[in-house]
$ cat data-v6.txt   # compact mmCIF, C-alpha atoms
# COMPACT_ATOMS: atom_id res chain seq x y z
CA MET A 291 88.76 138.14 86.02
CA LEU A 292 88.99 134.53 87.15
CA THR A 293 86.95 133.26 90.10
CA SER A 294 88.69 131.37 92.91
CA ALA A 295 87.40 128.06 91.50
CA GLU A 296 88.80 128.96 88.07
CA TRP A 297 92.16 129.85 89.62
CA ALA A 298 92.21 126.46 91.37
CA LEU A 299 91.37 124.80 88.05
CA ALA A 300 94.06 126.77 86.20
CA ILE A 301 96.74 125.93 88.78
CA THR A 302 95.83 122.23 88.85
CA VAL A 303 95.92 121.88 85.07
CA PHE A 304 99.16 123.89 84.86
CA ILE A 305 100.97 121.73 87.45
CA ALA A 306 99.65 118.45 86.00
CA ALA A 307 100.69 119.53 82.51
CA VAL A 308 104.17 120.57 83.68
CA VAL A 309 104.71 117.16 85.33
CA GLU A 310 103.64 115.24 82.23
CA LEU A 311 105.51 117.53 79.83
CA VAL A 312 108.75 117.19 81.81
CA GLU A 313 108.49 113.40 81.38
CA THR A 314 107.69 113.82 77.67
CA LEU A 315 110.65 116.15 77.20
CA THR A 316 112.99 113.57 78.74
CA ILE A 317 111.87 110.89 76.26
CA VAL A 318 112.00 113.19 73.23
CA LEU A 319 115.43 114.57 74.18
CA ALA A 320 116.86 111.09 74.80
CA ILE A 321 115.61 109.81 71.43
CA GLY A 322 116.39 113.00 69.48
CA LEU A 323 119.95 113.32 70.77
CA THR A 324 120.68 109.61 70.20
CA ARG A 325 118.83 108.76 66.98
CA GLY A 326 118.54 112.15 65.24
CA TRP A 327 115.81 114.77 65.24
CA ARG A 328 114.01 114.21 61.91
CA SER A 329 112.23 110.96 62.81
CA THR A 330 111.85 111.98 66.46
CA LEU A 331 110.07 115.22 65.55
CA ALA A 332 107.93 113.36 62.99
CA GLY A 333 106.77 111.15 65.88
CA VAL A 334 106.04 114.23 67.99
CA VAL A 335 104.00 115.89 65.24
CA ALA A 336 102.05 112.66 64.52
CA ALA A 337 101.26 112.29 68.24
CA LEU A 338 100.09 115.92 68.49
CA LEU A 339 97.76 115.38 65.51
CA ALA A 340 96.38 112.19 67.09
CA LEU A 341 95.87 114.04 70.39
CA THR A 342 94.01 116.86 68.63
CA VAL A 343 91.57 114.37 67.07
CA PHE A 344 91.18 112.51 70.38
CA THR A 345 90.49 115.78 72.25
CA ALA A 346 87.90 116.96 69.74
CA VAL A 347 86.04 113.63 69.66
CA ALA A 348 86.12 112.97 73.43
CA GLY A 349 85.29 116.57 74.40
CA TYR A 350 82.45 116.91 71.89
CA SER A 351 80.96 113.51 72.77
CA LEU A 352 80.96 114.13 76.51
CA ALA A 353 79.67 117.69 76.27
CA THR A 354 76.94 116.87 73.76
CA TRP A 355 75.46 113.59 74.90
CA LEU A 356 75.41 113.72 78.69
CA PRO A 357 73.08 115.81 80.89
CA GLU A 358 74.80 117.98 83.54
CA ALA A 359 74.48 115.61 86.53
CA ALA A 360 75.49 112.55 84.47
CA LEU A 361 78.48 114.46 83.09
CA GLN A 362 79.57 115.38 86.62
CA LEU A 363 79.15 111.78 87.77
CA VAL A 364 81.09 110.24 84.86
CA VAL A 365 83.82 112.88 84.70
CA GLY A 366 84.06 113.26 88.50
CA SER A 367 84.35 109.49 89.02
CA LEU A 368 87.08 109.18 86.40
CA MET A 369 88.92 112.14 87.92
CA LEU A 370 88.58 110.69 91.42
CA VAL A 371 89.94 107.24 90.50
CA PHE A 372 92.70 108.80 88.40
CA GLY A 373 93.60 111.26 91.19
CA LEU A 374 93.66 108.56 93.86
CA GLN A 375 96.14 106.57 91.76
CA TRP A 376 98.42 109.62 91.75
CA LEU A 377 97.86 110.15 95.47
CA ARG A 378 98.62 106.48 96.19
CA LYS A 379 101.98 106.70 94.43
CA ALA A 380 102.74 110.03 96.10
CA VAL A 381 102.01 108.61 99.57
CA LEU A 382 104.16 105.53 98.91
CA ARG A 383 106.99 107.73 97.59
CA SER A 384 106.77 110.19 100.49
CA SER A 385 106.78 107.26 102.95
CA GLY A 386 109.88 105.79 101.30
CA LEU A 387 107.94 102.67 100.27
CA LYS A 388 108.46 103.38 96.57
CA SER A 389 111.50 104.87 94.88
CA LEU A 390 111.25 108.49 93.72
CA HIS A 391 110.82 109.21 90.03
CA ASP A 392 114.24 110.20 88.69
CA GLU A 393 114.29 112.09 85.37
CA GLU A 394 118.07 111.67 85.02
CA GLU A 395 117.80 107.89 85.41
CA GLU A 396 114.88 107.84 82.96
CA PHE A 397 117.01 109.80 80.47
CA ARG A 398 119.95 107.39 80.88
CA ALA A 399 117.74 104.31 80.44
CA THR A 400 115.96 105.69 77.34
CA THR A 401 119.26 106.81 75.80
CA ALA A 402 120.79 103.36 76.37
CA ALA A 403 117.74 101.66 74.81
CA ALA A 404 117.93 104.02 71.83
CA ARG A 405 121.64 103.23 71.29
CA ASP A 406 121.08 99.47 71.52
CA ALA A 407 118.07 99.38 69.19
CA GLY A 408 118.70 98.21 65.64
CA VAL A 409 118.03 100.23 62.50
CA ASP A 410 114.59 99.69 60.96
CA SER A 411 113.76 102.15 58.21
CA ARG A 412 110.12 102.58 57.16
CA LEU A 413 108.51 105.37 55.12
CA GLY A 414 111.93 107.02 55.05
CA LEU A 415 111.96 107.31 58.85
CA ASP A 416 114.00 105.74 61.64
CA TRP A 417 111.07 103.66 62.88
CA PHE A 418 112.39 103.20 66.43
CA ALA A 419 112.78 106.97 66.94
CA PHE A 420 109.38 107.65 65.37
CA VAL A 421 107.48 105.05 67.42
CA VAL A 422 109.13 105.81 70.77
CA SER A 423 108.67 109.57 70.46
CA PHE A 424 105.07 109.09 69.20
CA LYS A 425 104.20 106.83 72.13
CA GLY A 426 105.93 109.07 74.66
CA VAL A 427 104.14 112.21 73.51
CA PHE A 428 100.76 110.52 72.97
CA LEU A 429 100.61 108.62 76.27
CA GLU A 430 101.74 111.55 78.42
CA GLY A 431 99.59 113.86 76.29
CA VAL A 432 96.47 111.76 76.88
CA GLU A 433 96.89 112.35 80.62
CA ILE A 434 97.02 116.12 80.05
CA VAL A 435 94.04 116.00 77.69
CA PHE A 436 92.11 113.89 80.20
CA ILE A 437 92.71 116.44 82.95
CA VAL A 438 91.93 119.39 80.65
CA ILE A 439 88.66 117.83 79.44
CA THR A 440 87.46 116.66 82.85
CA PHE A 441 88.24 119.95 84.59
CA GLY A 442 87.13 122.09 81.69
CA LEU A 443 83.76 120.38 81.29
CA SER A 444 82.99 120.00 85.00
CA ALA A 445 83.78 123.62 85.83
CA ASN A 446 82.39 124.85 82.51
CA SER A 447 85.72 126.61 81.92
CA MET A 448 87.28 124.81 78.99
CA GLY A 449 89.07 128.00 77.89
CA VAL A 450 90.86 128.34 81.24
CA ALA A 451 91.87 124.66 81.24
CA VAL A 452 93.20 124.73 77.67
CA THR A 453 95.07 128.01 78.26
CA SER A 454 96.73 126.64 81.40
CA ALA A 455 97.93 123.54 79.55
CA LEU A 456 99.26 125.65 76.67
CA VAL A 457 101.12 127.98 79.07
CA ALA A 458 102.67 124.91 80.72
CA ALA A 459 103.74 123.61 77.29
CA VAL A 460 105.38 126.92 76.40
CA VAL A 461 107.21 127.08 79.77
CA VAL A 462 108.53 123.49 79.58
CA LEU A 463 109.49 123.74 75.89
CA ALA A 464 111.30 127.05 76.50
CA LEU A 465 113.21 125.59 79.45
CA GLY A 466 114.00 122.41 77.50
CA ALA A 467 115.25 124.40 74.51
CA ALA A 468 117.37 126.57 76.80
CA VAL A 469 119.11 123.81 78.77
CA HIS A 470 119.05 120.93 76.22
CA LYS A 471 118.81 118.30 78.95
CA PRO A 472 116.11 116.77 81.18
CA LEU A 473 114.55 119.16 83.68
CA THR A 474 115.80 117.35 86.76
CA LYS A 475 115.38 120.38 89.03
CA VAL A 476 111.59 120.30 88.67
CA PRO A 477 110.25 118.80 91.94
CA GLU A 478 108.14 116.24 90.09
CA ASN A 479 107.30 114.04 93.07
CA THR A 480 106.00 116.98 95.11
CA LEU A 481 104.04 118.32 92.14
CA LYS A 482 102.47 114.89 91.59
CA TYR A 483 101.40 114.84 95.23
CA VAL A 484 99.75 118.25 94.82
CA VAL A 485 97.97 117.20 91.62
CA GLY A 486 96.82 113.95 93.25
CA LEU A 487 95.31 115.94 96.12
CA LEU A 488 93.56 118.39 93.79
CA LEU A 489 92.21 115.67 91.48
CA ALA A 490 90.91 113.72 94.49
CA THR A 491 89.30 116.90 95.87
CA PHE A 492 87.53 117.97 92.69
CA GLY A 493 86.73 114.35 91.79
CA THR A 494 85.01 113.83 95.15
CA TYR A 495 83.08 117.09 94.80
CA TRP A 496 81.82 116.51 91.27
CA SER A 497 81.19 112.76 91.42
CA LEU A 498 79.01 113.15 94.54
CA GLU A 499 77.18 116.12 93.02
CA GLY A 500 76.59 113.99 89.93
CA LEU A 501 74.76 111.32 91.95
CA GLY A 502 71.79 113.68 91.62
CA ILE A 503 71.15 112.01 88.26
CA PHE A 504 69.48 109.21 90.28
CA SER A 505 67.07 111.60 92.05
CA ALA A 506 63.58 112.35 90.79
CA SER A 507 64.63 115.81 89.58
CA THR A 508 67.93 114.50 88.03
CA GLU A 509 69.51 117.77 89.21
CA PRO A 510 73.04 117.68 90.77
CA LEU A 511 73.14 117.21 94.57
CA GLU A 512 74.12 120.24 96.64
CA TRP A 513 77.08 120.46 99.00
CA PRO A 514 76.64 122.34 102.29
CA GLY A 515 78.29 125.72 101.70
CA GLU A 516 78.52 124.91 97.94
CA ASP A 517 82.05 125.81 96.67
CA LEU A 518 83.25 126.37 100.24
CA ALA A 519 83.20 122.58 100.61
CA LEU A 520 86.18 122.37 98.22
CA PRO A 521 88.88 123.67 100.63
CA LEU A 522 87.48 121.43 103.36
CA LEU A 523 87.67 118.40 101.07
CA LEU A 524 91.24 119.36 100.14
CA LEU A 525 92.15 119.57 103.83
CA ALA A 526 90.54 116.18 104.47
CA TRP A 527 92.51 114.46 101.67
CA LEU A 528 95.69 116.22 102.82
CA ALA A 529 95.16 115.15 106.44
CA VAL A 530 94.46 111.53 105.51
CA SER A 531 97.45 111.28 103.16
CA ARG A 532 99.83 112.98 105.64
CA ALA A 533 98.67 110.62 108.40
CA MET A 534 99.50 107.67 106.11
CA VAL A 535 102.92 109.12 105.28
CA TRP A 536 103.62 109.74 108.99
CA ARG A 537 102.52 106.23 109.96
CA TRP A 538 104.36 104.36 107.19
CA SER A 539 107.54 106.47 107.28
CA ARG A 540 108.10 104.83 110.64
CA LEU A 541 108.34 101.45 108.87
CA ARG A 542 111.59 102.62 107.33
CA THR A 543 113.17 103.19 110.72
CA ALA A 544 112.67 99.47 111.42
CA GLY A 545 115.15 98.63 108.67
CA PRO A 546 115.78 98.99 104.93
CA VAL A 547 112.65 98.69 102.86
CA ASP A 548 112.25 97.69 99.25
CA VAL A 549 108.63 97.24 98.42
CA SER A 550 108.93 97.33 94.65
CA SER A 551 108.75 93.55 94.53
CA HIS A 552 105.79 93.38 96.91
CA LEU A 553 103.60 96.35 96.06
CA GLU A 554 102.30 96.63 92.53
CA VAL A 555 103.54 100.15 91.95
CA MET B 271 94.01 86.62 66.34
CA GLN B 272 92.04 88.98 64.05
CA PRO B 273 93.64 92.45 63.78
CA ILE B 274 90.37 94.10 64.91
CA VAL B 275 90.20 91.88 68.02
CA ARG B 276 93.84 92.62 68.77
CA PHE B 277 93.17 96.35 68.37
CA LEU B 278 90.09 96.22 70.63
CA ARG B 279 91.98 94.25 73.27
CA GLY B 280 94.88 96.70 73.15
CA PHE B 281 92.46 99.64 73.27
CA GLY B 282 90.65 98.20 76.30
CA ARG B 283 93.91 97.35 78.03
CA PHE B 284 95.21 100.89 77.48
CA TRP B 285 92.15 102.50 79.07
CA TYR B 286 92.10 99.98 81.92
CA ASP B 287 95.75 100.76 82.72
CA PHE B 288 95.12 104.47 82.28
CA ILE B 289 92.10 104.76 84.58
CA VAL B 290 92.37 101.82 86.97
CA GLY B 291 96.17 101.69 87.03
CA ASP B 292 98.20 99.49 89.35
CA ASP B 293 95.64 99.05 92.08
CA PRO B 294 92.09 97.97 91.10
CA LYS B 295 91.03 98.14 94.77
CA ILE B 296 90.88 101.94 94.53
CA ALA B 297 88.49 101.86 91.55
CA ILE B 298 86.40 99.15 93.23
CA GLY B 299 86.19 101.18 96.47
CA VAL B 300 85.07 104.30 94.59
CA ALA B 301 82.51 102.27 92.57
CA VAL B 302 81.06 100.70 95.73
CA VAL B 303 80.70 104.04 97.55
CA LEU B 304 79.14 105.74 94.51
CA GLY B 305 76.86 102.72 93.97
CA VAL B 306 75.60 102.90 97.55
CA GLY B 307 75.20 106.67 97.12
CA GLY B 308 73.18 106.19 93.93
CA VAL B 309 70.79 103.80 95.69
CA LEU B 310 70.33 106.18 98.65
CA VAL B 311 69.70 109.12 96.31
CA ALA B 312 67.12 107.11 94.35
CA ARG B 313 65.30 106.15 97.57
CA GLU B 314 65.46 109.75 98.85
CA THR B 315 65.89 108.52 102.43
CA VAL B 316 68.61 111.02 103.39
CA SER B 317 68.86 114.76 102.69
CA SER B 318 71.28 115.44 99.85
CA GLU B 319 73.49 117.80 101.91
CA ALA B 320 73.98 115.17 104.64
CA LEU B 321 74.46 112.42 102.09
CA VAL B 322 77.37 114.06 100.23
CA VAL B 323 79.22 114.58 103.53
CA VAL B 324 78.72 110.94 104.58
CA LEU B 325 79.75 109.65 101.16
CA ALA B 326 82.87 111.86 101.13
CA ALA B 327 83.83 110.37 104.50
CA LEU B 328 83.26 106.88 103.04
CA LEU B 329 85.53 107.68 100.07
CA LEU B 330 88.29 108.82 102.44
CA THR B 331 87.81 105.63 104.46
CA ALA B 332 87.83 103.39 101.38
CA PHE B 333 91.11 104.92 100.19
CA THR B 334 92.67 104.51 103.63
CA VAL B 335 91.60 100.85 103.79
CA THR B 336 93.00 100.02 100.32
CA MET B 337 96.31 101.67 101.18
CA ALA B 338 96.48 99.90 104.54
CA LEU B 339 95.79 96.55 102.82
CA ASP B 340 98.68 97.15 100.41
CA VAL B 341 101.15 98.08 103.10
CA SER B 342 100.14 95.30 105.50
CA ARG B 343 100.50 92.77 102.66
CA HIS B 344 103.98 94.13 102.07
CA GLN B 345 104.80 93.77 105.78
CA ARG B 346 103.61 90.14 105.78
CA LEU B 347 105.79 89.37 102.75
CA ARG B 348 108.78 91.00 104.44
CA ALA B 349 108.30 89.01 107.63

$ encode --input "data-v6.txt" --output "structure tokens"
Amino acid sequence: MLTSAEWALAITVFIAAVVELVETLTIVLAIGLTRGWRSTLAGVVAALLALTVFTAVAGYSLATWLPEAALQLVVGSLMLVFGLQWLRKAVLRSSGLKSLHDEEEEFRATTAAARDAGVDSRLGLDWFAFVVSFKGVFLEGVEIVFIVITFGLSANSMGVAVTSALVAAVVVLALGAAVHKPLTKVPENTLKYVVGLLLATFGTYWSLEGLGIFSASTEPLEWPGEDLALPLLLLAWLAVSRAMVWRWSRLRTAGPVDVSSHLEV
Amino acid sequence: MQPIVRFLRGFGRFWYDFIVGDDPKIAIGVAVVLGVGGVLVARETVSSEALVVVLAALLLTAFTVTMALDVSRHQRLRA
């Protein structure tokens, strides 16, 4: 039976993985349908192999070489910075200061690029299809692996984190195979907001615990109420982000806004 | 440029973009708060339970400030 912390971990990893896999599916479908499946799938398989090696090396190194508090500090800090980047984009999107991510538009753009690209055959493969699908799967996959490793190690529940990511992969692949087009109905922007909040919450909790490495005992610091601090941190990040959205949504009412040229987003 | 240098540059650039992303101010804010926290923990001047609460509040503040800086810069450019 999972504890409440493990359920929170499982849900966070599942949602994050779904978001990334939906984006991956869009790229792979656009390339596969335009340039053919053989080279596209070769790129997917090569990326999955590279991700497996990356996961094994990064996970083993972190788990083996760092003491508990240092691990929490390193992993928590990375998770916090990473999560705040997601939260930043989510706040800007919810405020109307950044355009929403549109899977259909992404599909159209990738398909057009695939049609316009010339033919470059290497190792018997359509090199454009191979490279684009490899990059798409690897780069989105690294984000999933990063979240799985950081959550799994920090909560000492690697099995739960890996299982959640695999379940997400099965769900997205099954849906993709069934509909044969990008999953535009998935509320990606909302899901990214949720993941940003959860990453910021757990990142805050673990990075501050990990500061205990600088104490005489080198033991992790303790939060008042221990795990009960997590929902309070989540509420705090939610309140701050909603206040920003409320405040900056009012900018839109002053006139049309296009910040893409001003904000580095 | 040597292939190994090119690879190392690309590798570093990838991880910088991956972790730090579009807005380095966020990473800098987090690093400053955690740095201050590390010093306070080492000096053992504040109880750990009070310290984590104060530092969490500082992280929330740092994020709010970086976001406000971005949006106010945008407003100035619009004006």

$ atom_distance --input "data-v6.txt" --atom1 "atom CA of Leu363 of chain A" --atom2 "atom CA of Thr494 of chain A"
9.6 Å

$ interface_residues --input "data-v6.txt" --of "chain A" --to "chain B" --cutoff "8 Å" --atoms "only C-alpha atoms" --output "ChimeraX atom specification"
/A:367-368,370-372,374-375,378,494,497-499,501-502,504-506,511-514,526-527,530,534,549,552-555

$ write_last_selection --input "data-v6.txt" --atoms "C-alpha atoms" --output "PDB file, in the frame of the given file"
ATOM      1  CA  SER A 367      84.350 109.490  89.020  1.00  0.00           C
ATOM      2  CA  LEU A 368      87.080 109.180  86.400  1.00  0.00           C
ATOM      3  CA  LEU A 370      88.580 110.690  91.420  1.00  0.00           C
ATOM      4  CA  VAL A 371      89.940 107.240  90.500  1.00  0.00           C
ATOM      5  CA  PHE A 372      92.700 108.800  88.400  1.00  0.00           C
ATOM      6  CA  LEU A 374      93.660 108.560  93.860  1.00  0.00           C
ATOM      7  CA  GLN A 375      96.140 106.570  91.760  1.00  0.00           C
ATOM      8  CA  ARG A 378      98.620 106.480  96.190  1.00  0.00           C
ATOM      9  CA  THR A 494      85.010 113.830  95.150  1.00  0.00           C
ATOM     10  CA  SER A 497      81.190 112.760  91.420  1.00  0.00           C
ATOM     11  CA  LEU A 498      79.010 113.150  94.540  1.00  0.00           C
ATOM     12  CA  GLU A 499      77.180 116.120  93.020  1.00  0.00           C
ATOM     13  CA  LEU A 501      74.760 111.320  91.950  1.00  0.00           C
ATOM     14  CA  GLY A 502      71.790 113.680  91.620  1.00  0.00           C
ATOM     15  CA  PHE A 504      69.480 109.210  90.280  1.00  0.00           C
ATOM     16  CA  SER A 505      67.070 111.600  92.050  1.00  0.00           C
ATOM     17  CA  ALA A 506      63.580 112.350  90.790  1.00  0.00           C
ATOM     18  CA  LEU A 511      73.140 117.210  94.570  1.00  0.00           C
ATOM     19  CA  GLU A 512      74.120 120.240  96.640  1.00  0.00           C
ATOM     20  CA  TRP A 513      77.080 120.460  99.000  1.00  0.00           C
ATOM     21  CA  PRO A 514      76.640 122.340 102.290  1.00  0.00           C
ATOM     22  CA  ALA A 526      90.540 116.180 104.470  1.00  0.00           C
ATOM     23  CA  TRP A 527      92.510 114.460 101.670  1.00  0.00           C
ATOM     24  CA  VAL A 530      94.460 111.530 105.510  1.00  0.00           C
ATOM     25  CA  MET A 534      99.500 107.670 106.110  1.00  0.00           C
ATOM     26  CA  VAL A 549     108.630  97.240  98.420  1.00  0.00           C
ATOM     27  CA  HIS A 552     105.790  93.380  96.910  1.00  0.00           C
ATOM     28  CA  LEU A 553     103.600  96.350  96.060  1.00  0.00           C
ATOM     29  CA  GLU A 554     102.300  96.630  92.530  1.00  0.00           C
ATOM     30  CA  VAL A 555     103.540 100.150  91.950  1.00  0.00           C
TER      31      VAL A 555
END

$ closest_residue --input "data-v6.txt" --among "A:Gly515, A:Gly426, A:Gly322, A:Gly431" --to "Val308 of chain A" --atoms "all atoms listed in the file"
A:Gly431

$ residues_around --input "data-v6.txt" --residues "segment 394-402 of chain A" --least-positions-apart "3" --cutoff "10 Å" --atoms "all atoms listed in the file" --output "list in words"
Glu313, Leu315, Thr316, Ile317, Val318, Leu319, Ala320, Ile321, Gly322, Leu323, Thr324, Arg325, His391, Arg405, Asp406, Ala407, Val422, Lys471, Pro472, Leu473, Thr474 and Lys475 of chain A

$ atom_distance --input "data-v6.txt" --atom1 "atom CA of Leu339 of chain A" --atom2 "atom CA of Ala458 of chain A"
18.6 Å

$ decode --input "data-v6.txt" --residues "segment 325-338 of chain B" --atoms "C-alpha atoms" --output "CSV table (one decimal), in the first residue's frame"
chain,number,residue,atom,x,y,z
B,325,LEU,CA,14.2,30.1,3.9
B,326,ALA,CA,11.0,28.8,2.2
B,327,ALA,CA,9.5,32.3,2.5
B,328,LEU,CA,12.6,33.7,1.0
B,329,LEU,CA,12.4,31.3,-2.0
B,330,LEU,CA,8.8,32.3,-2.6
B,331,THR,CA,9.8,36.0,-2.4
B,332,ALA,CA,12.8,35.5,-4.7
B,333,PHE,CA,10.5,33.8,-7.3
B,334,THR,CA,8.0,36.7,-7.0
B,335,VAL,CA,10.7,39.3,-7.5
B,336,THR,CA,12.2,37.6,-10.6
B,337,MET,CA,8.8,37.3,-12.2
B,338,ALA,CA,7.9,40.9,-11.3
